[in-house]
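In what follows, a single structure is set out as structure tokens and then discussed.
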Amino acid sequence: MTAPHRSPARWAVALTAMMLSAITLADDANVLRYPAAHEAAAQPLEIHGALDNELMAPLLADFHARYPEIELIYRNLTTLALYRRFLAEDEASADVVMSSAMPWQYQLANRGHARALTTSAAQQWPQVSRWRHELFGFTFEPVVIVYRRDALEGATPPDSHEALLSLLTHERQRLKGRVVTYDPWRSGAGYTYATEDAHMSPRYWELVAALGGVEAALADTTGEMLDGLADGRYAVGYNLLGSYARDFVADHPQLEMVIPNDYALVTQRLVLIPKRARHPETAERFVDYLLSRQGQRVIRDKTPLGAVHTALDGEGTARDLRQTLGDALHPIAIDPSLLATLDTLKRHSLLDRWQREYTRLSDSGP
Amino acid sequence: MSPPVNSPSLYRRLLVWLLVPMLALGTLMLIQAYLASRDTADRAFDRLLESASLSIAEQVKRQQGQLWMDLPPAALKMLASNAEERVFYALYDAHDNFISGNAELPRIDDGQGNMRFANIEWHDMALRLGVRRSLLEGWRDRQPFEVRVAHTREGRAALTQALFQGSMLRLIAMALLAIGVVLLGVRMALMPLTQLRRAIRARDPRTLAPLDLTLPRELAELRETLNELLARMRRVRANQERFIGDASHQLRTPLAGLSARAELALRQDDPRAWHDALGVMRGSADKTARLASQLLSLTRLNNPESMPEARDIDLCDIARQAIRDALTSCHRAGIDLGVETPSHAVIQHAVEWQLAEALANLIDNACRYGASRITVRVGEAPTRLEVEDDGPGIPEAQRLLVLRPFHRGIEGGQGSGLGLAIVDGIARAHAARLTLAPAQPNAEPPGLRVRLHFTEEPTP
């Protein structure tokens with residue numbers, strides 16, 4: 001698939017379409033309900049999250065087991081739908097909002113829409129994973145490279161950005177059309193990773209050019225990329241969300257997951273309690289649970305999301321990743337530079353550049 | 001006499017006057033320190049707004065006929081500082097149209113220069129807004145635009161607090177030091193006073209020697225005044241001693257005379273001689289008794305502690321009573337004694353017995369010094385008492401001297417030399433003026449008119 005040349009106007013149309021589809025998606029199939037043990041004394045709690053139900057379910061179940069008096073509703077929305085819904089004043093506000101779209105969550109908190117949480121768990125939460133006690137990163141998910149073993153016979157496996165670049169350059173013919181990465185236009189996550197990558201090193205643009213050189217396919221979600229890798233359409237996937245890839249790769253032995261060892265982006269799901277929350281007490285109890293050792297242990301043991309809590313170690317914790325990767329680990333900072341990624345002009349600049357670099361080799365190539 | 005009510009001690013007075021203004025000054029300084037801290041914090045953080053807006057402005061360019069900007073993330077990080085502040089930015093074109101940003105920030109109309117600052121309330125948040133006016137540098141057009149940046153004030157508040165706490169601690173330390181210095185200073189400054197007190201207390205109560213003490217100028221005046229007082233007291237004591245000496249001398253002479261006369265009479269056997277001697281002795285004893293009583297009145301008059309009760313009395317009554325008292329003795333001596341009083345009462349606030357004593361003395365004096373006619377007169381406007389005689393009078397040079405005790409106008413006279421001194425004392429006790437003048441200046445003998453003016457001559 002060749003990336004079409006897009007103008008900002010066309011991009012805006014695409015965005016609107018995406019938003020519309022996101023809102024219609026919010027049907028009852030995406031709602032999890034946990035009724036209270038005693039109907040009479042029920043304390044309601046409504047959580048809106050951009051997190052698949054099956055990832056959320058173990059956490060919610062454990063929370064519900066601990067606090068059976070809370071009547072829990074979890075509504076799974078896309079990141080953009082979540083954001084739009086939040087800003088729509090007439091919508092009844094959720095009590096807790098969780099999303100992997102870090103810039104949007106940051107924007108909400110920056111505008112003063114979030115309530116500060118001052119429980120002891122929140123106070124002790126690591127500085128790099130929070131902002132002002134209003135916004136907490138409760139997962140730790142590296143961005144990874146996944147490749148098929150059989151497709152890369154004889155080549156050096158891409159265990160770093162450097163190695164990936166040289167692989168794409170040297171095996172250009174062999175890999176043509178068989179590389180997949182996020183579409184930075186259509187996917188918020190893809191755009192965020194592109195921004196961070198570009199910020200990490202100017203050589204990222206060489207990588208984009210090389211991706212263009214192999215006519216890399218552009219996908220909207222990690223799931224789409226994983227499916228393509230599993231059925232053999234793609235040989236290499238770049239910038240996949242590690243939390244989804246880990247379990248998938250474990251089920252598919254022909255796939256290999258690599259956390260790049262020169263630098264690995266780490267994305268965090270950010271949770272906040274809106275100021276307009278109708279049930280702030282239960283909301284605080286839930287977020288406190290998310291940040292507590294128990295909640296984090298469930299995240300480590302029953303989900304691939306990665307626990308942040310500093311007291312936890314072993315596989316599936318931030319501590320474990322830090323020990324193996326050290327300085328190469330690069331969590332996306334929860335700071336105002338996230339706002340820069342939301343800037344419309346900035347977005348245009350970056351995507352224009354992306355477009356130029358992506359088409360550079362194919363235009364001038366043989 | 002009750003002791004005077006003590007006013008607050010000098011020490012306390014000085015402390016109050018030094019410490020209260022110091023406290024007020026300290027409060028002012030604290031307020032000033034707070035304002036200065038706030039200003040400093042604002043200036044420091046305004047630099048951040050300035051540099052952030054500058055780095056954004058540098059990224060603004062013109063592209064496809066529109067303002068274009070590649071927002072540098074570092075600029076926003078700069079604004080957040082480490083206090084995790086909320087940051088806002090916006091790019092506006094020359095016509096105040098929003099181009100890009102994460103918030104629609106207001107403009108600042110007042111102010112000078114390219115960079116303007118203001119504190120604003122925005123969506124329930126207290127923000128510091130910085131607006132940079134800049135020009136797009138181009139080959140052809142130089143389009144103006146505005147970069148507006150804002151952040152919450154937590155970092156400023158924290159810095160203000162930190163700076164203020166620092167100044168407050170320093171101020172408190174300085175205040176404690178100043179209080180210590182004031183306490184010490186006041187104590188040191190009052191030290192000479194303590195020295196003076198000790199020096200006075202340590203003195204032998206009988207000595208009236210001047211104080212010899214090195215003192216600061218203000219207290220040296222006090223010392224001089226004290227020394228003057230002491231000098232006066234020395235003079236008074238010398239006077240008293242002389243008076244006592246004179247008095248005992250005066251008493252000794254008639255007593256020695258009595259003794260000699262008695263001895264002489266005892267050597268004789270003639271009862272007639274005894275009789276004569278007893279007659280002389282009685283006269284002598286009378287004189288001595290009179291002298292003693294005069295000495296007593298003089299002492300009473302000179303005693304500043306005695307405060308005889310004055311009341312309103314009629315001077316005419318006094319004059320008539322004096323005439324009655326002296327009439328017998330004058331009649332015996334063949335002296336014409338008269339009184340001239342107005343027909344109505346002349347009231348004067350005075351001590352009755354003293355005035356009677358004065359008149360008695362004056363009449364007695366006139367008798368003794370050879371007057372043949374004595375007139376006691378009461379006058380009005382001014383209120384006065386006078387005694388006039390036709391005796392030899394007193395030469396002008398003697399008139400002041402006769403007022404001194406034991407001075408006799410005529411050597412060898414019969415008086416004790418106390419009469420006029422007593423009159424003078426009484427006059428002074430009544431704040432009256434005593435004048436001695438010849439009764440008839442042109443006659444011979446001129447006579448004497450002694451006058452007590454209780455009030456001044458009314459001015460015509």
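Note on naming: chains are A, B, ... as they come in the structure tokens, residues start from 1 per chain, ligands start from 1 in the order shown.
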Considering only C-alpha atoms, extract the chain A residues located within 7 Å of chain B and return them as a PyMOL selection string. chain A and resi 110+131-132+335-337+340+343-346+349
Mind writing the picked residues with all heavy atoms as a tab-separated table (two decimals), in the first residue's frame?
```tsv
chain	number	residue	atom	x	y	z
A	110	ASN	N	-4.52	19.86	32.12
A	110	ASN	CA	-3.91	21.19	32.04
A	110	ASN	C	-4.97	22.28	32.08
A	110	ASN	O	-4.77	23.34	32.67
A	110	ASN	CB	-3.09	21.28	30.75
A	110	ASN	CG	-2.28	22.56	30.67
A	110	ASN	OD1	-1.51	22.83	31.58
A	110	ASN	ND2	-2.47	23.33	29.63
A	131	TRP	N	1.36	13.81	37.13
A	131	TRP	CA	1.44	15.25	36.94
A	131	TRP	C	0.53	15.89	37.97
A	131	TRP	O	-0.69	15.67	37.96
A	131	TRP	CB	1.02	15.63	35.52
A	131	TRP	CG	1.14	17.09	35.22
A	131	TRP	CD1	2.29	17.78	34.97
A	131	TRP	CD2	0.08	18.03	35.15
A	131	TRP	NE1	2.03	19.09	34.75
A	131	TRP	CE2	0.67	19.28	34.85
A	131	TRP	CE3	-1.29	17.96	35.30
A	131	TRP	CZ2	-0.07	20.43	34.71
A	131	TRP	CZ3	-2.04	19.11	35.16
A	131	TRP	CH2	-1.43	20.34	34.86
A	132	ARG	N	1.15	16.63	38.89
A	132	ARG	CA	0.39	17.40	39.88
A	132	ARG	C	-0.56	16.60	40.74
A	132	ARG	O	-1.47	17.16	41.25
A	132	ARG	CB	-0.49	18.43	39.19
A	132	ARG	CG	0.16	19.62	38.64
A	132	ARG	CD	-0.91	20.47	38.02
A	132	ARG	NE	-1.53	21.28	39.06
A	132	ARG	CZ	-1.36	22.57	39.17
A	132	ARG	NH1	-0.64	23.20	38.31
A	132	ARG	NH2	-1.92	23.24	40.13
A	335	ASP	N	4.45	15.81	30.47
A	335	ASP	CA	4.80	17.21	30.67
A	335	ASP	C	4.25	18.04	29.50
A	335	ASP	O	3.65	17.49	28.58
A	335	ASP	CB	6.31	17.37	30.86
A	335	ASP	CG	7.10	17.10	29.59
A	335	ASP	OD1	6.49	17.04	28.51
A	335	ASP	OD2	8.33	16.94	29.68
A	336	PRO	N	4.43	19.35	29.54
A	336	PRO	CA	3.76	20.19	28.55
A	336	PRO	C	4.17	19.91	27.11
A	336	PRO	O	3.49	20.38	26.20
A	336	PRO	CB	4.18	21.61	28.96
A	336	PRO	CG	4.56	21.51	30.37
A	336	PRO	CD	5.10	20.16	30.57
A	337	SER	N	5.25	19.16	26.89
A	337	SER	CA	5.59	18.90	25.49
A	337	SER	C	4.50	18.05	24.84
A	337	SER	O	4.37	18.01	23.62
A	337	SER	CB	6.96	18.23	25.37
A	337	SER	OG	7.05	17.16	26.25
A	340	ALA	N	2.41	20.20	22.84
A	340	ALA	CA	2.97	20.57	21.54
A	340	ALA	C	2.52	19.57	20.48
A	340	ALA	O	2.28	19.94	19.32
A	340	ALA	CB	4.49	20.62	21.62
A	343	ASP	N	-0.72	20.52	18.91
A	343	ASP	CA	-0.82	21.76	18.16
A	343	ASP	C	-1.11	21.46	16.68
A	343	ASP	O	-0.40	20.69	16.05
A	343	ASP	CB	0.50	22.53	18.30
A	343	ASP	CG	0.41	23.89	17.67
A	343	ASP	OD1	-0.20	24.77	18.28
A	343	ASP	OD2	0.95	24.05	16.55
A	344	THR	N	-2.15	22.08	16.17
A	344	THR	CA	-2.58	21.80	14.80
A	344	THR	C	-1.47	22.08	13.79
A	344	THR	O	-1.19	21.26	12.91
A	344	THR	CB	-3.79	22.68	14.43
A	344	THR	OG1	-4.49	22.98	15.63
A	344	THR	CG2	-4.68	21.99	13.46
A	345	LEU	N	-0.84	23.24	13.93
A	345	LEU	CA	0.21	23.62	12.98
A	345	LEU	C	1.38	22.66	13.09
A	345	LEU	O	1.97	22.25	12.09
A	345	LEU	CB	0.67	25.05	13.25
A	345	LEU	CG	-0.40	26.12	13.04
A	345	LEU	CD1	0.17	27.50	13.36
A	345	LEU	CD2	-0.92	26.07	11.62
A	346	LYS	N	1.68	22.32	14.33
A	346	LYS	CA	2.79	21.40	14.56
A	346	LYS	C	2.49	20.05	13.90
A	346	LYS	O	3.34	19.43	13.28
A	346	LYS	CB	2.96	21.22	16.07
A	346	LYS	CG	4.00	20.21	16.44
A	346	LYS	CD	5.16	20.86	17.12
A	346	LYS	CE	6.24	19.86	17.38
A	346	LYS	NZ	7.55	20.46	17.24
A	349	SER	N	3.00	20.35	10.31
A	349	SER	CA	4.43	20.37	9.98
A	349	SER	C	5.00	18.97	10.01
A	349	SER	O	5.69	18.53	9.08
A	349	SER	CB	5.20	21.22	10.99
A	349	SER	OG	4.68	22.49	11.05
```
When DSSP is applied to the backbone of this structure, which of range 68-113 of chain A are assigned alpha helix (DSSP H)? Write them out as a ChimeraX atom specification. /A:79-87,102-110
Export of prior selection with C-alpha atoms as a PDB file, in the first residue's frame:
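Saved as part_28.pdb:
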```pdb
ATOM      1  CA  THR A  79      -9.571   7.767  22.805  1.00  0.00           C
ATOM      2  CA  LEU A  80     -11.079  10.492  20.653  1.00  0.00           C
ATOM      3  CA  ALA A  81     -14.650   9.655  21.570  1.00  0.00           C
ATOM      4  CA  LEU A  82     -13.601   9.798  25.181  1.00  0.00           C
ATOM      5  CA  TYR A  83     -12.108  13.230  24.707  1.00  0.00           C
ATOM      6  CA  ARG A  84     -15.070  14.612  22.775  1.00  0.00           C
ATOM      7  CA  ARG A  85     -17.514  13.185  25.235  1.00  0.00           C
ATOM      8  CA  PHE A  86     -15.618  14.714  28.098  1.00  0.00           C
ATOM      9  CA  LEU A  87     -15.632  18.174  26.573  1.00  0.00           C
ATOM     10  CA  MET A 102      -1.587  10.919  26.678  1.00  0.00           C
ATOM     11  CA  PRO A 103      -1.702  14.366  24.997  1.00  0.00           C
ATOM     12  CA  TRP A 104      -5.470  14.551  25.236  1.00  0.00           C
ATOM     13  CA  GLN A 105      -5.529  13.470  28.843  1.00  0.00           C
ATOM     14  CA  TYR A 106      -2.817  15.991  29.571  1.00  0.00           C
ATOM     15  CA  GLN A 107      -4.753  18.693  27.795  1.00  0.00           C
ATOM     16  CA  LEU A 108      -7.801  17.986  29.972  1.00  0.00           C
ATOM     17  CA  ALA A 109      -5.790  18.087  33.165  1.00  0.00           C
ATOM     18  CA  ASN A 110      -3.907  21.189  32.040  1.00  0.00           C
TER      19      ASN A 110
END
```
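Proximity to Leu135 in chain A at 6 Å, evaluated using only C-alpha atoms and with sequence-adjacent residues fewer than 4 positions away removed, yields Arg130, Trp131, Val271 and Leu272 of chain A.
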Taking N, CA and C atoms for each residue, export the selection above as a PDB file, in the first residue's frame.
```pdb
ATOM      1  N   ARG A 130       3.395  10.848  37.010  1.00  0.00           N
ATOM      2  CA  ARG A 130       2.212  11.625  37.391  1.00  0.00           C
ATOM      3  C   ARG A 130       2.428  13.088  37.054  1.00  0.00           C
ATOM      4  N   TRP A 131       1.364  13.815  37.129  1.00  0.00           N
ATOM      5  CA  TRP A 131       1.442  15.253  36.936  1.00  0.00           C
ATOM      6  C   TRP A 131       0.534  15.886  37.965  1.00  0.00           C
ATOM      7  N   VAL A 271      -4.853   8.196  33.995  1.00  0.00           N
ATOM      8  CA  VAL A 271      -6.171   8.218  34.623  1.00  0.00           C
ATOM      9  C   VAL A 271      -6.363   9.554  35.330  1.00  0.00           C
ATOM     10  N   LEU A 272      -7.572  10.072  35.272  1.00  0.00           N
ATOM     11  CA  LEU A 272      -7.879  11.295  36.009  1.00  0.00           C
ATOM     12  C   LEU A 272      -9.321  11.239  36.510  1.00  0.00           C
TER      13      LEU A 272
END
```
Just how far from CA of Arg319 in chain A is CA of Ala101 in chain A, in Å to one decimal? 22.9 Å
Excluding Trp122 in chain B and its own-chain neighbours fewer than 3 positions away, which residues fall within 10 Å of it when counting only C-alpha atoms? Please give them as an MDAnalysis selection string. chainID B and resid 104:106 119 125:129 152
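Using only C-alpha atoms, the nearest neighbour of Glu357 in chain A within the list A:Arg246, A:His170, A:His161, A:Arg203 is A:Arg203.
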Can you tell me, as number ranges by chain, what residues are no more than 12 Å from Gln124 in chain A when counting only C-alpha atoms, ignoring any on the same chain fewer than 2 positions away? A: 117-122, 126-130, 133, 136, 288, 291-293, 308-311
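CA of Leu251 in chain B is found 26.6 Å from CA of Ala322 in chain B.
The environment of Asn261 in chain A within 7 Å, counting only C-alpha atoms and disregarding residues fewer than 5 places along the same chain, consists of A:Asp159, A:Ser160, A:Leu325, A:Ala328.
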